[in-house]
>>> print(open('structure.cif').read())   # mmCIF, C-alpha atoms
data_work
#
loop_
_atom_site.label_atom_id
_atom_site.label_comp_id
_atom_site.auth_asym_id
_atom_site.auth_seq_id
_atom_site.Cartn_x
_atom_site.Cartn_y
_atom_site.Cartn_z
CA MET A 1 -8.30 5.50 -6.85
CA PRO A 2 -5.96 4.81 -9.79
CA VAL A 3 -6.74 8.22 -11.28
CA THR A 4 -6.02 10.12 -8.07
CA SER A 5 -2.80 8.20 -7.48
CA LEU A 6 -1.69 8.79 -11.05
CA LEU A 7 -2.42 12.52 -10.79
CA VAL A 8 -0.43 12.84 -7.58
CA TRP A 9 2.40 10.84 -9.14
CA LEU A 10 2.46 13.04 -12.25
CA LEU A 11 2.37 16.13 -10.07
CA ALA A 12 5.34 14.81 -8.12
CA ALA A 13 7.11 13.99 -11.36
CA PHE A 14 6.72 17.29 -13.16
CA VAL A 15 6.52 20.02 -10.54
CA PRO A 16 10.01 19.73 -8.96
CA PRO A 17 11.91 20.66 -12.15
CA LEU A 18 9.97 23.94 -12.14
CA ILE A 19 10.78 24.65 -8.50
CA TRP A 20 14.37 23.48 -8.33
CA PRO A 21 16.36 24.13 -11.48
CA THR A 22 19.38 21.88 -11.68
CA ASP A 23 22.66 22.45 -13.38
CA ALA A 24 22.82 20.65 -16.68
CA PRO A 25 25.04 17.62 -16.27
CA THR A 26 28.33 18.12 -18.06
CA THR A 27 28.48 14.55 -19.22
CA PRO A 28 25.43 12.35 -19.23
CA PRO A 29 26.14 9.35 -17.00
CA VAL A 30 25.07 6.78 -19.57
CA PRO A 31 24.92 8.47 -22.96
CA TYR A 32 22.68 5.98 -24.73
CA PHE A 33 20.23 5.48 -21.92
CA PRO A 34 18.65 8.85 -21.09
CA THR A 35 18.11 9.74 -17.50
CA PRO A 36 14.66 8.78 -16.23
CA LEU A 37 14.80 5.30 -17.76
CA PRO A 38 17.60 3.58 -15.81
CA GLU A 39 16.35 5.08 -12.55
CA LEU A 40 12.76 3.96 -13.12
CA LEU A 41 13.80 0.52 -14.33
CA LEU A 42 16.15 -0.06 -11.41
CA SER A 43 13.72 1.12 -8.78
CA VAL A 44 10.82 -0.91 -10.15
CA SER A 45 12.95 -4.04 -10.31
CA LEU A 46 14.37 -3.55 -6.82
CA PHE A 47 10.88 -3.04 -5.46
CA ALA A 48 9.70 -6.17 -7.25
CA LEU A 49 12.59 -8.10 -5.70
CA SER A 50 11.76 -6.96 -2.19
CA HIS A 51 8.05 -7.56 -2.77
CA SER A 52 8.53 -11.10 -4.01
CA LEU A 53 10.93 -11.98 -1.20
CA ASN A 54 8.48 -10.68 1.39
CA PRO A 55 6.53 -13.93 2.03
CA TYR A 56 9.75 -15.93 2.45
CA LEU A 57 11.04 -13.48 5.04
CA PHE A 58 7.87 -13.98 7.04
CA VAL A 59 8.22 -17.76 6.70
CA LEU A 60 11.81 -17.48 7.96
CA ALA A 61 10.71 -15.33 10.88
CA GLY A 62 7.97 -17.85 11.66
CA ALA A 63 10.53 -20.65 11.68
CA LEU A 64 12.85 -18.73 14.01
CA LEU A 65 10.28 -17.54 16.52
CA PRO A 66 7.38 -19.73 17.67
CA HIS A 67 5.08 -16.96 18.85
CA PRO A 68 3.05 -15.48 15.95
CA ILE A 69 3.19 -11.88 17.17
CA SER A 70 6.96 -11.86 17.69
CA ALA A 71 7.41 -13.68 14.38
CA ASN A 72 5.33 -10.98 12.69
CA ILE A 73 7.41 -8.23 14.26
CA LEU A 74 10.67 -9.94 13.24
CA GLY A 75 9.37 -10.56 9.71
CA THR A 76 8.45 -6.90 9.32
CA ALA A 77 11.87 -5.87 10.60
CA LEU A 78 13.61 -8.15 8.09
CA HIS A 79 11.45 -6.83 5.28
CA VAL A 80 12.14 -3.20 6.16
CA LEU A 81 15.89 -3.87 6.41
CA LEU A 82 15.86 -5.56 3.00
CA ARG A 83 13.94 -2.69 1.42
CA ASN A 84 16.18 0.03 2.72
CA ALA A 85 19.34 -1.95 1.98
CA LEU A 86 18.12 -2.32 -1.61
CA ARG A 87 17.39 1.41 -1.77
CA VAL A 88 20.91 2.22 -0.58
CA SER A 89 22.49 -0.29 -2.93
CA ALA A 90 20.86 1.52 -5.83
CA PHE A 91 22.94 4.67 -5.25
CA PRO A 92 26.29 3.15 -6.25
CA LEU A 93 24.54 1.16 -8.98
CA LEU A 94 23.39 4.45 -10.51
CA ARG A 95 26.90 5.87 -9.95
CA LEU A 96 25.49 8.85 -8.12
CA ALA A 97 27.85 11.50 -6.84
CA VAL A 98 27.49 15.04 -5.58
CA PRO A 99 30.09 17.76 -6.09
CA ASP A 100 32.23 18.41 -2.98
CA GLY A 101 30.35 15.81 -0.99
CA ALA A 102 27.55 18.24 -0.17
CA ALA A 103 23.94 17.28 -0.84
CA MET A 104 22.66 20.21 -2.92
CA CYS A 105 19.42 20.23 -4.82
CA ARG A 106 21.19 21.84 -7.78
CA ALA A 107 23.24 18.70 -8.35
CA PRO A 108 22.02 16.48 -11.21
CA ALA A 109 22.06 13.59 -8.75
CA PHE A 110 19.05 15.16 -7.00
CA ARG A 111 16.87 14.87 -10.11
CA ARG A 112 17.98 11.29 -10.69
CA LEU A 113 17.24 10.37 -7.09
CA TRP A 114 13.83 11.95 -7.43
CA TRP A 115 13.10 9.74 -10.42
CA PHE A 116 14.39 6.72 -8.54
CA ALA A 117 12.02 7.40 -5.63
CA LEU A 118 9.14 7.98 -8.04
CA GLY A 119 9.80 4.69 -9.79
CA TRP A 120 9.78 2.90 -6.44
CA SER A 121 6.51 4.51 -5.43
CA LEU A 122 4.99 3.78 -8.85
CA ALA A 123 5.57 0.06 -8.32
CA GLU A 124 4.33 0.28 -4.74
CA VAL A 125 1.18 2.14 -5.72
CA ALA A 126 0.50 -0.33 -8.53
CA VAL A 127 0.70 -3.21 -6.05
CA GLY A 128 -1.60 -1.36 -3.65
CA ILE A 129 -4.18 -0.64 -6.34
CA GLY A 130 -4.06 -4.27 -7.43
CA GLN A 131 -4.78 -5.39 -3.88
CA GLY A 132 -7.62 -2.87 -3.66
CA TYR A 133 -9.27 -4.34 -6.72
CA GLU A 134 -8.79 -7.87 -5.37
CA THR A 135 -10.70 -6.74 -2.30
CA LEU A 136 -13.46 -5.31 -4.47
CA ALA A 137 -13.62 -8.55 -6.46
CA LEU A 138 -14.35 -10.46 -3.26
CA TYR A 139 -17.50 -8.40 -2.84
CA ARG A 140 -18.67 -8.71 -6.43
CA ASP A 141 -21.31 -11.35 -5.64
CA VAL A 142 -22.93 -9.52 -2.77
CA LEU A 143 -23.09 -6.03 -4.23
CA VAL A 144 -26.53 -4.51 -4.39
CA PRO A 145 -27.33 -3.62 -8.02
CA GLU A 146 -27.35 0.04 -8.89
CA GLY A 147 -30.72 1.62 -8.30
CA ARG A 148 -31.74 -0.83 -5.58
CA GLY A 149 -29.33 0.66 -3.04
CA ARG A 150 -31.62 3.54 -2.06
CA GLU A 151 -34.55 1.16 -1.65
CA LEU A 152 -32.51 -1.15 0.55
CA ALA A 153 -31.17 1.69 2.67
CA ALA A 154 -34.69 3.03 3.21
CA ALA A 155 -35.88 -0.43 4.25
CA VAL A 156 -33.00 -0.82 6.71
CA LEU A 157 -33.58 2.62 8.17
CA SER A 158 -37.29 2.04 8.65
CA THR A 159 -36.75 -1.30 10.38
CA GLY A 160 -34.02 0.26 12.52
CA VAL A 161 -36.37 3.03 13.63
CA ARG A 162 -39.12 0.55 14.30
CA ALA A 163 -36.84 -1.70 16.32
CA SER A 164 -35.57 1.13 18.47
CA LYS A 165 -39.12 2.37 19.06
CA ASN A 166 -40.27 -1.10 20.01
CA GLY A 167 -37.82 -2.11 22.65
CA GLY A 168 -35.26 0.60 23.33
CA THR A 169 -32.63 -1.95 22.41
CA THR A 170 -32.23 -2.93 18.81
CA SER A 171 -32.33 -6.52 17.70
CA THR A 172 -29.33 -8.70 18.43
CA SER A 173 -28.47 -9.33 14.79
CA PRO A 174 -25.94 -6.85 13.46
CA PRO A 175 -27.18 -4.24 10.97
CA ARG A 176 -25.36 -5.85 8.10
CA ALA A 177 -27.08 -9.18 8.66
CA ARG A 178 -30.45 -7.47 8.79
CA ALA A 179 -29.68 -5.59 5.61
CA TRP A 180 -28.71 -8.83 3.97
CA ASP A 181 -31.93 -10.50 5.07
CA LEU A 182 -33.87 -7.60 3.65
CA TRP A 183 -32.00 -7.80 0.39
CA GLU A 184 -32.64 -11.53 0.19
CA GLY A 185 -36.27 -10.87 0.93
CA MET A 186 -36.47 -8.20 -1.73
CA SER A 187 -34.87 -10.34 -4.37
CA SER A 188 -37.08 -13.30 -3.55
CA ARG A 189 -40.06 -11.04 -3.96
CA GLY A 190 -38.59 -10.72 -7.43
CA ASP A 191 -40.41 -9.95 -10.61
CA ASP A 192 -40.61 -13.53 -11.79
CA GLY A 193 -40.48 -16.86 -10.03
CA VAL A 194 -36.94 -17.74 -11.09
CA ALA A 195 -35.26 -15.43 -8.63
CA VAL A 196 -37.37 -16.78 -5.80
CA SER A 197 -36.33 -20.39 -6.17
CA GLU A 198 -32.69 -19.49 -6.70
CA ALA A 199 -32.48 -17.22 -3.72
CA ILE A 200 -34.12 -19.60 -1.31
CA GLU A 201 -32.77 -22.96 -2.42
CA SER A 202 -29.05 -23.86 -2.28
CA PRO A 203 -26.85 -25.19 0.56
CA VAL A 204 -25.08 -21.87 0.76
CA ARG A 205 -27.90 -20.09 -0.92
CA GLY A 206 -30.41 -22.93 -0.50
CA TYR A 207 -31.05 -26.31 -2.07
CA SER A 208 -32.27 -26.94 -5.59
CA ARG A 209 -33.10 -30.01 -7.63
CA PRO A 210 -30.33 -30.44 -10.20
CA ARG A 211 -31.16 -32.19 -13.40
CA SER A 212 -27.94 -34.11 -14.11
CA GLY A 213 -24.46 -34.89 -12.82
CA VAL A 214 -23.00 -31.91 -14.61
CA ASP A 215 -25.51 -29.69 -12.91
CA ILE A 216 -24.59 -31.11 -9.53
CA GLN A 217 -20.91 -30.56 -10.24
CA LEU A 218 -21.60 -26.99 -11.32
CA GLU A 219 -23.74 -26.34 -8.29
CA VAL A 220 -21.07 -27.73 -5.93
CA ASP A 221 -18.40 -25.65 -7.65
CA ASN A 222 -20.49 -22.50 -7.37
CA ASP A 223 -21.22 -23.11 -3.71
CA PHE A 224 -17.58 -23.84 -3.00
CA ASP A 225 -16.53 -20.60 -4.70
CA GLU A 226 -19.08 -18.74 -2.67
CA LEU A 227 -17.83 -20.29 0.58
CA VAL A 228 -14.25 -19.35 -0.29
CA ALA A 229 -15.35 -15.77 -1.03
CA ILE A 230 -17.28 -15.59 2.25
CA LYS A 231 -14.25 -16.86 4.17
CA ALA A 232 -11.96 -14.35 2.46
CA ARG A 233 -14.37 -11.51 3.22
CA GLU A 234 -14.58 -12.61 6.83
CA GLU A 235 -10.80 -12.59 7.20
CA LEU A 236 -10.62 -9.17 5.61
CA GLU A 237 -13.32 -7.82 7.89
CA GLU A 238 -11.52 -9.20 10.92
CA LEU A 239 -8.43 -7.36 9.73
CA TYR A 240 -10.15 -4.04 9.12
CA GLY A 241 -12.67 -4.39 11.91
CA PHE A 242 -15.54 -3.59 9.53
CA PRO A 243 -16.77 -4.63 6.10
CA ALA A 244 -14.16 -3.04 3.88
CA ILE A 245 -16.20 -1.90 0.94
CA VAL A 246 -19.26 -0.53 2.76
CA SER A 247 -17.44 1.46 5.39
CA LEU A 248 -14.82 2.88 3.06
CA GLY A 249 -17.58 4.20 0.81
CA ILE A 250 -19.56 5.78 3.63
CA PHE A 251 -16.42 7.17 5.21
CA SER A 252 -15.40 8.89 2.01
CA LYS A 253 -18.77 10.63 1.77
CA ASP A 254 -18.48 11.87 5.34
CA ILE A 255 -15.02 13.24 4.77
CA LEU A 256 -15.87 14.93 1.51
CA SER A 257 -18.84 16.68 3.05
CA LEU A 258 -16.72 18.23 5.79
CA MET B 1 -12.02 4.78 -1.53
CA PHE B 2 -10.84 7.92 0.18
CA VAL B 3 -8.76 5.97 2.67
CA SER B 4 -7.17 3.82 -0.01
CA CYS B 5 -6.26 6.96 -2.02
CA LEU B 6 -4.73 8.35 1.15
CA LEU B 7 -2.68 5.18 1.61
CA ARG B 8 -1.36 5.41 -1.97
CA ILE B 9 -0.43 9.09 -1.64
CA ALA B 10 1.25 8.35 1.68
CA SER B 11 3.33 5.64 0.04
CA ILE B 12 4.49 8.08 -2.68
CA LEU B 13 5.49 10.65 -0.05
CA LEU B 14 7.21 8.06 2.14
CA SER B 15 9.19 6.67 -0.77
CA LEU B 16 10.37 10.16 -1.83
CA GLY B 17 11.27 11.13 1.72
CA PHE B 18 13.14 7.95 2.57
CA VAL B 19 15.14 7.93 -0.65
CA LEU B 20 16.15 11.57 -0.21
CA LEU B 21 17.18 11.01 3.42
CA LEU B 22 19.10 7.80 2.73
CA SER B 23 20.87 9.23 -0.30
CA ALA B 24 21.89 12.36 1.58
CA GLY B 25 23.37 10.17 4.31
CA TYR B 26 25.13 8.01 1.77
CA LEU B 27 26.44 10.64 -0.63
CA THR B 28 27.72 13.06 1.99
CA SER B 29 29.79 10.48 3.81
CA PRO B 30 33.39 11.16 2.74
CA PRO B 31 34.56 8.92 -0.10
CA ILE B 32 37.59 6.74 0.29
CA ILE B 33 40.53 7.62 -1.92
CA SER B 34 42.45 4.52 -2.70
CA SER B 35 45.11 3.51 -5.10
CA VAL B 36 43.83 1.23 -7.84
CA PHE B 37 46.34 0.16 -10.51
CA GLY B 38 48.61 3.01 -9.60
CA LYS B 39 45.87 5.63 -9.98
CA ASN B 40 44.01 7.33 -7.19
CA ALA B 41 40.38 6.36 -7.40
CA THR B 42 37.34 7.23 -5.34
CA ILE B 43 35.67 4.15 -3.97
CA ALA B 44 32.19 4.08 -2.62
CA LEU B 45 31.79 1.15 -0.29
CA VAL B 46 28.48 -0.58 0.25
CA PRO B 47 27.84 -0.80 3.08
CA PRO B 48 29.96 2.13 4.20
CA PRO B 49 32.34 1.43 7.11
CA TRP B 50 30.82 1.34 10.57
CA ASN B 51 32.40 4.60 11.65
CA GLU B 52 30.29 6.55 9.13
CA GLY B 53 28.04 8.11 11.74
CA THR B 54 25.96 10.15 9.29
CA PHE B 55 25.08 7.25 7.06
CA TRP B 56 24.37 4.68 9.76
CA GLY B 57 22.41 7.19 11.82
CA THR B 58 20.17 7.99 8.86
CA PHE B 59 19.85 4.34 7.93
CA VAL B 60 18.83 3.25 11.41
CA ALA B 61 16.40 6.16 11.77
CA VAL B 62 14.75 5.51 8.39
CA CYS B 63 14.53 1.78 9.09
CA GLY B 64 13.02 2.48 12.48
CA ILE B 65 10.32 4.80 11.13
CA ASN B 66 9.59 2.44 8.25
CA TRP B 67 9.42 -0.50 10.66
CA GLY B 68 6.96 1.29 12.91
CA LEU B 69 4.67 2.12 10.00
CA SER B 70 4.92 -1.37 8.51
CA LEU B 71 4.06 -2.92 11.86
CA LEU B 72 0.80 -0.96 11.87
CA HIS B 73 -0.09 -2.64 8.57
CA THR B 74 0.35 -6.17 9.95
CA PRO B 75 -2.69 -8.21 11.03
CA VAL B 76 -1.46 -7.99 14.64
CA PHE B 77 -1.85 -4.24 14.97
CA LEU B 78 -4.19 -3.16 12.15
CA PRO B 79 -7.46 -4.28 13.81
CA ARG B 80 -6.48 -2.56 17.07
CA VAL B 81 -5.53 0.74 15.48
CA GLY B 82 -7.88 0.96 12.51
CA VAL B 83 -7.24 1.62 8.84
CA HIS B 84 -8.09 5.31 9.07
CA VAL B 85 -5.55 6.01 11.79
CA VAL B 86 -2.91 4.09 9.86
CA ALA B 87 -3.65 6.05 6.68
CA TYR B 88 -3.53 9.47 8.36
CA LEU B 89 -0.41 8.55 10.34
CA GLY B 90 1.25 7.35 7.14
CA LEU B 91 0.40 10.61 5.39
CA LEU B 92 1.73 12.73 8.25
CA VAL B 93 4.96 10.74 8.57
CA GLY B 94 5.31 10.79 4.77
CA LEU B 95 5.01 14.57 4.66
CA GLY B 96 7.50 14.83 7.50
CA ALA B 97 9.97 12.53 5.77
CA LEU B 98 9.61 14.36 2.45
CA PHE B 99 10.27 17.77 3.95
CA ALA B 100 13.11 16.43 6.09
CA GLY B 101 14.63 14.96 2.93
CA LEU B 102 14.17 18.24 1.03
CA GLY B 103 15.72 20.11 3.93
CA VAL B 104 18.74 17.83 4.00
CA TRP B 105 19.15 18.38 0.27
CA ASP B 106 19.01 22.13 0.87
CA ALA B 107 15.95 22.49 -1.34
CA LEU B 108 13.76 24.48 1.03
CA SER B 109 15.62 27.77 1.10
#
>>> encode(input="structure.cif", output="structure tokens")
Amino acid sequence: MPVTSLLVWLLAAFVPPLIWPTDAPTTPPVPYFPTPLPELLLSVSLFALSHSLNPYLFVLAGALLPHPISANILGTALHVLLRNALRVSAFPLLRLAVPDGAAMCRAPAFRRLWWFALGWSLAEVAVGIGQGYETLALYRDVLVPEGRGRELAAAVLSTGVRASKNGGTTSTSPPRARAWDLWEGMSSRGDDGVAVSEAIESPVRGYSRPRSGVDIQLEVDNDFDELVAIKAREELEELYGFPAIVSLGIFSKDILSL
Amino acid sequence: MFVSCLLRIASILLSLGFVLLLSAGYLTSPPIISSVFGKNATIALVPPPWNEGTFWGTFVAVCGINWGLSLLHTPVFLPRVGVHVVAYLGLLVGLGALFAGLGVWDALS
């Protein structure tokens, strides 16, 4: 994801000068600060401002309107207004002007605006990629190790086929839960006994006999972390309507094979 | 992965398109010539006066489109619409905005 975004960004950065030649500016606007730098710096900082004010705008909207949906709509409206107002305020800050008041792509202002927009999108994409990796980090504990995925998928498929042959209707538990049970089963059939006891015993994962107070503390901490991760995943899945990581992966394969 | 790449590309296109549209609206609105310290100077007001139809029209249109797309990303609408629809819609609107911006800047001929 970062590589693709970076490639598209670089393409957007370096192709336009080849397509649209601009007149060389007669006087550089700021002689000691060559042109892409002020634009990139300004756009990144304006984006950062709007991004960091975002939660407060939603809090304000929530205070003004009691209903969550209308508060959400108002918060989004405030955020969008702020963003576009900041974008517009950048034009006089950069002292942009076009000859004869006509927007022509040959004007040097066009190139500077292009850089400004690219800087804005660079910051936006960086934030998006960061959020994507936060999502992935939520799933770190429950990922199937490489190499076991095929085995697990085969097991799920075979039980699915069996279930549909048996009753016409599949079992009530969702496929993901069944897959998870299978994975738990597979890991508890593990190579040595250690995995078995760990997988079965722990309040979240089962219940084990800790040796000392430190162990108890550690165990409680681990379980608490796991609960927090489960809750976060659940919220995310409610938002997307499906488990984010699994479906996005499968979806990408489907699309690429078209 | 594919969908998240699509979302990132859409955000690049949207940003380019919106900035080009807004700047065209802003820069083509006639500047105000005013006398500052005895010299005639061009003043760019922010925000421009309310009778600047070009600028305010563009601003309201861009804000409206941006608002619609941002609403689809909120937890209220995202589960009903689906991430894939939001990503494709964002890409389409982004392409539209980019080419509208290029057209306004006279870059397509």
>>> interface_residues(input="structure.cif", of="chain B", to="chain A", cutoff="6 Å", atoms="all atoms listed in the file", output="list in words")
Met1, Phe2, Cys5, Arg8, Ile12, Ser15, Leu16, Val19, Ala24, Thr28, Trp67, Pro75, Pro79, Trp105, Asp106 and Ala107 of chain B
>>> closest_residue(input="structure.cif", among="A:Phe224, A:Arg233, A:Asp215, A:Leu86", to="A:Leu49", atoms="all atoms listed in the file")
A:Leu86
>>> residues_around(input="structure.cif", residues="B:Phe55", least_positions_apart="4", cutoff="9 Å", atoms="only C-alpha atoms", output="ChimeraX atom specification")
/B:22-29,48,50,59-60
>>> write_last_selection(input="structure.cif", atoms="C-alpha atoms", output="tab-separated table (two decimals), in the coordinates of the input")
chain	number	residue	atom	x	y	z
B	22	LEU	CA	19.10	7.80	2.73
B	23	SER	CA	20.87	9.23	-0.30
B	24	ALA	CA	21.89	12.36	1.58
B	25	GLY	CA	23.37	10.17	4.31
B	26	TYR	CA	25.13	8.01	1.77
B	27	LEU	CA	26.44	10.64	-0.63
B	28	THR	CA	27.72	13.06	1.99
B	29	SER	CA	29.79	10.48	3.81
B	48	PRO	CA	29.96	2.13	4.20
B	50	TRP	CA	30.82	1.34	10.57
B	59	PHE	CA	19.85	4.34	7.93
B	60	VAL	CA	18.83	3.25	11.41
>>> atom_distance(input="structure.cif", atom1="atom CA of A:Leu136", atom2="atom CA of A:Ile230")
12.9 Å
>>> closest_residue(input="structure.cif", among="B:Gly90, B:Thr58, B:Arg80, B:Ile9", to="A:Leu10", atoms="only C-alpha atoms")
B:Ile9
>>> atom_distance(input="structure.cif", atom1="atom CA of B:Gly94", atom2="atom CA of B:Phe18")
8.6 Å
>>> resolve_selection(input="structure.cif", expression="the PyMOL selection byres ((chain B and resi 95) around 10)", output="ChimeraX atom specification")
/B:9-10,12-14,16-17,89-94,96-101
>>> atom_distance(input="structure.cif", atom1="atom CA of A:Ser45", atom2="atom CA of A:Thr135")
25.1 Å
